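Worksheet for the structure shown next.
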Amino acid sequence: MASSVPQKKEYTGKSEWYAVHTYSGYEEAVARYLRQRVESLSMENKIFDVIVPTEKKIKVKSGRRTTIEEKIYPGYVLVRMILSDDSWYVVRNTPRVTGFVGADNTHPTPLSEEEVNGLLNRMGHDENKFNIDFAVGDLVKIIDGPFKEYDGKVSEVDEARGRVKVMVPVFGRDTAIELDSLQVKKV
């Protein structure tokens, strides 16, 4: 004869990382709301970390190199917590949270240690190091700046500054133009 008593959820009692789905564009707000709720509901002993996974990217805008923070997983916030009925309830009922990532909203699936470590390393990695994939003699197309759409040949590479010198035909002769490495791409 089957028992009609509901099964109690199994909790491990150790802190694990969980991915929480949010409305897109509200990740920072959800993290802020959740931190406030943890403090006001005295859940510091069950919910430990709330982070929005971001990484630094270098973009060229109007010929200037700028560093921006870009979300790695838009629409997600990571929470390190001990899963219990009350901690689940606090996270799940935070404004603009749509649910946990997992088989269903009542049984969230913790992230693996490898996933979390990889993500945290990616977040801590400083993108200000220049990765220049050009060599002298490479044919390139200029994709930004006053010489946009011109083709040229790399004549010099300055990895320390992230710059390349490109020989571009102007008025029938090759002219050296120094550009940011992000302003050119290989042909």
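Quick note on naming: the chains in the structure tokens go A, B, ... in the order shown, residues restart at 1 in each chain, and ligands are numbered from 1 in order of appearance.
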Using DSSP on the backbone coordinates, identify all residues within stretch 57-103 of chain A classified as alpha helix (DSSP H); present the result as a ChimeraX atom specification.
/A:85-92
What's the 7 Å shell around stretch 64-76 of chain A, counting only C-alpha atoms, without same-chain residues fewer than 3 positions away, as an MDAnalysis selection string?
chainID A and resid 19:25 27 53:61
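Here atom CA of A:Glu114 is placed at a distance of 11.2 Å from atom CA of A:Trp17.
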Calculate how many Å separate atom CA of A:Met43 from atom CA of A:Ser87, rounding to one decimal.
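Separation between atom CA of A:Met43 and atom CA of A:Ser87: 7.3 Å.
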Within 12 Å of A:Asp158, counting only C-alpha atoms, which residues show up once you throw out same-chain ones fewer than 5 positions away? Write them as a PyMOL selection string, please.
chain A and resi 130-136+163-166+178-181
For the selection just defined, write its residues with N, CA, C and O atoms to a file, as a compact mmCIF listing (two decimals), in the first residue's frame.
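Result file follows (result.txt):
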```txt
# COMPACT_ATOMS: atom_id res chain seq x y z
N PHE A 130 47.27 42.54 -23.95
CA PHE A 130 46.99 42.61 -25.38
C PHE A 130 47.29 41.29 -26.04
O PHE A 130 48.40 40.78 -25.95
N ASN A 131 46.31 40.72 -26.70
CA ASN A 131 46.50 39.51 -27.48
C ASN A 131 46.49 39.91 -28.94
O ASN A 131 45.43 40.06 -29.54
N ILE A 132 47.64 40.11 -29.50
CA ILE A 132 47.74 40.55 -30.88
C ILE A 132 48.05 39.33 -31.74
O ILE A 132 49.06 38.67 -31.53
N ASP A 133 47.16 39.08 -32.67
CA ASP A 133 47.30 37.92 -33.54
C ASP A 133 47.74 38.34 -34.93
O ASP A 133 47.23 37.85 -35.93
N PHE A 134 48.65 39.29 -35.00
CA PHE A 134 49.15 39.77 -36.28
C PHE A 134 50.65 39.59 -36.34
O PHE A 134 51.33 39.64 -35.32
N ALA A 135 51.16 39.42 -37.55
CA ALA A 135 52.60 39.35 -37.77
C ALA A 135 52.94 40.28 -38.92
O ALA A 135 52.08 40.61 -39.75
N VAL A 136 54.18 40.71 -38.97
CA VAL A 136 54.62 41.58 -40.05
C VAL A 136 54.38 40.85 -41.38
O VAL A 136 54.69 39.67 -41.53
N ARG A 163 49.36 48.04 -30.40
CA ARG A 163 49.27 48.83 -31.64
C ARG A 163 49.92 48.08 -32.79
O ARG A 163 50.81 47.26 -32.59
N VAL A 164 49.46 48.38 -34.01
CA VAL A 164 50.07 47.85 -35.23
C VAL A 164 50.26 49.00 -36.21
O VAL A 164 49.46 49.93 -36.24
N LYS A 165 51.33 48.90 -36.99
CA LYS A 165 51.56 49.87 -38.04
C LYS A 165 51.19 49.17 -39.35
O LYS A 165 51.68 48.07 -39.63
N VAL A 166 50.33 49.81 -40.13
CA VAL A 166 49.82 49.23 -41.36
C VAL A 166 50.19 50.12 -42.53
O VAL A 166 50.02 51.35 -42.47
N GLU A 178 49.51 54.14 -37.88
CA GLU A 178 49.53 53.40 -36.62
C GLU A 178 48.11 53.29 -36.10
O GLU A 178 47.40 54.28 -35.97
N LEU A 179 47.69 52.06 -35.79
CA LEU A 179 46.32 51.80 -35.36
C LEU A 179 46.30 50.92 -34.12
O LEU A 179 47.26 50.18 -33.87
N ASP A 180 45.21 50.98 -33.41
CA ASP A 180 44.97 50.05 -32.31
C ASP A 180 44.74 48.67 -32.94
O ASP A 180 44.13 48.56 -34.01
N SER A 181 45.21 47.61 -32.30
CA SER A 181 45.08 46.28 -32.87
C SER A 181 43.61 45.88 -33.06
O SER A 181 43.30 44.99 -33.86
```
Assign secondary structure with DSSP using the backbone only, and return the residues of stretch 8-169 of chain A in strand (DSSP E or B) as a ChimeraX atom specification.
/A:15-22,47-51,54-61,64-71,76-82,97-100,102-104,107-108,139-142,151-158,163-169
Export, as a short mmCIF file (atom, residue, chain, number, x, y, z; two decimals), in the first residue's frame, the selected residues with C-alpha atoms.
```
data_model
loop_
_atom_site.label_atom_id
_atom_site.label_comp_id
_atom_site.auth_asym_id
_atom_site.auth_seq_id
_atom_site.Cartn_x
_atom_site.Cartn_y
_atom_site.Cartn_z
CA SER A 15 26.91 25.33 0.64
CA GLU A 16 26.78 24.99 -3.13
CA TRP A 17 26.46 27.38 -6.06
CA TYR A 18 23.13 27.68 -7.85
CA ALA A 19 22.17 29.57 -11.00
CA VAL A 20 19.09 31.74 -10.59
CA HIS A 21 17.19 32.90 -13.67
CA THR A 22 16.12 36.57 -13.70
CA ILE A 47 22.98 32.42 1.81
CA PHE A 48 26.62 33.48 1.50
CA ASP A 49 27.44 34.96 -1.92
CA VAL A 50 25.42 36.59 -4.68
CA ILE A 51 27.27 37.48 -7.88
CA THR A 54 30.81 39.62 -15.67
CA GLU A 55 34.10 39.93 -17.52
CA LYS A 56 36.11 42.86 -18.79
CA LYS A 57 36.15 43.39 -22.56
CA ILE A 58 38.12 45.92 -24.54
CA LYS A 59 36.20 47.77 -27.26
CA VAL A 60 37.26 50.51 -29.65
CA LYS A 61 34.79 53.36 -29.90
CA ARG A 64 39.59 55.07 -28.45
CA ARG A 65 40.13 51.88 -26.52
CA THR A 66 37.66 51.48 -23.64
CA THR A 67 37.23 48.69 -21.13
CA ILE A 68 33.67 47.62 -20.43
CA GLU A 69 32.16 45.01 -18.13
CA GLU A 70 29.97 42.57 -20.01
CA LYS A 71 27.67 39.95 -18.50
CA TYR A 76 21.43 34.79 -14.56
CA VAL A 77 22.75 35.43 -11.07
CA LEU A 78 24.87 32.94 -9.11
CA VAL A 79 24.07 32.26 -5.45
CA ARG A 80 26.21 30.25 -3.00
CA MET A 81 23.93 28.89 -0.31
CA ILE A 82 22.90 25.96 1.81
CA VAL A 97 13.60 36.16 -10.06
CA THR A 98 11.86 33.68 -12.36
CA GLY A 99 13.33 30.55 -10.82
CA PHE A 100 16.29 28.30 -10.23
CA GLY A 102 17.27 22.73 -12.57
CA ALA A 103 14.83 19.99 -13.45
CA ASP A 104 12.03 22.02 -11.85
CA HIS A 107 14.65 20.99 -6.94
CA PRO A 108 17.44 23.32 -8.09
CA LEU A 139 47.17 41.42 -45.02
CA VAL A 140 44.53 43.27 -42.99
CA LYS A 141 41.38 45.33 -43.42
CA ILE A 142 40.88 48.46 -41.32
CA ASP A 151 43.20 47.19 -47.03
CA GLY A 152 46.83 47.18 -46.01
CA LYS A 153 49.83 45.17 -44.90
CA VAL A 154 51.20 45.02 -41.35
CA SER A 155 54.70 46.55 -41.22
CA GLU A 156 55.23 46.66 -37.45
CA VAL A 157 53.65 45.16 -34.30
CA ASP A 158 53.90 46.79 -30.85
CA ARG A 163 49.27 48.83 -31.64
CA VAL A 164 50.07 47.85 -35.23
CA LYS A 165 51.56 49.87 -38.04
CA VAL A 166 49.82 49.23 -41.36
CA MET A 167 51.02 50.26 -44.82
CA VAL A 168 48.01 51.60 -46.73
CA PRO A 169 48.04 52.85 -50.35
#
```
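Atom pair atom CA of A:Glu149 / atom CA of A:Arg161 has a distance of 23.2 Å (rounded to one decimal).
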Considering only C-alpha atoms, state which residue in the set A:Lys185, A:Lys46, A:Lys14, A:Arg173 is at the smallest distance from A:Asp86.
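Looking only at the distances to A:Asp86, the closest residue turns out to be A:Lys46.
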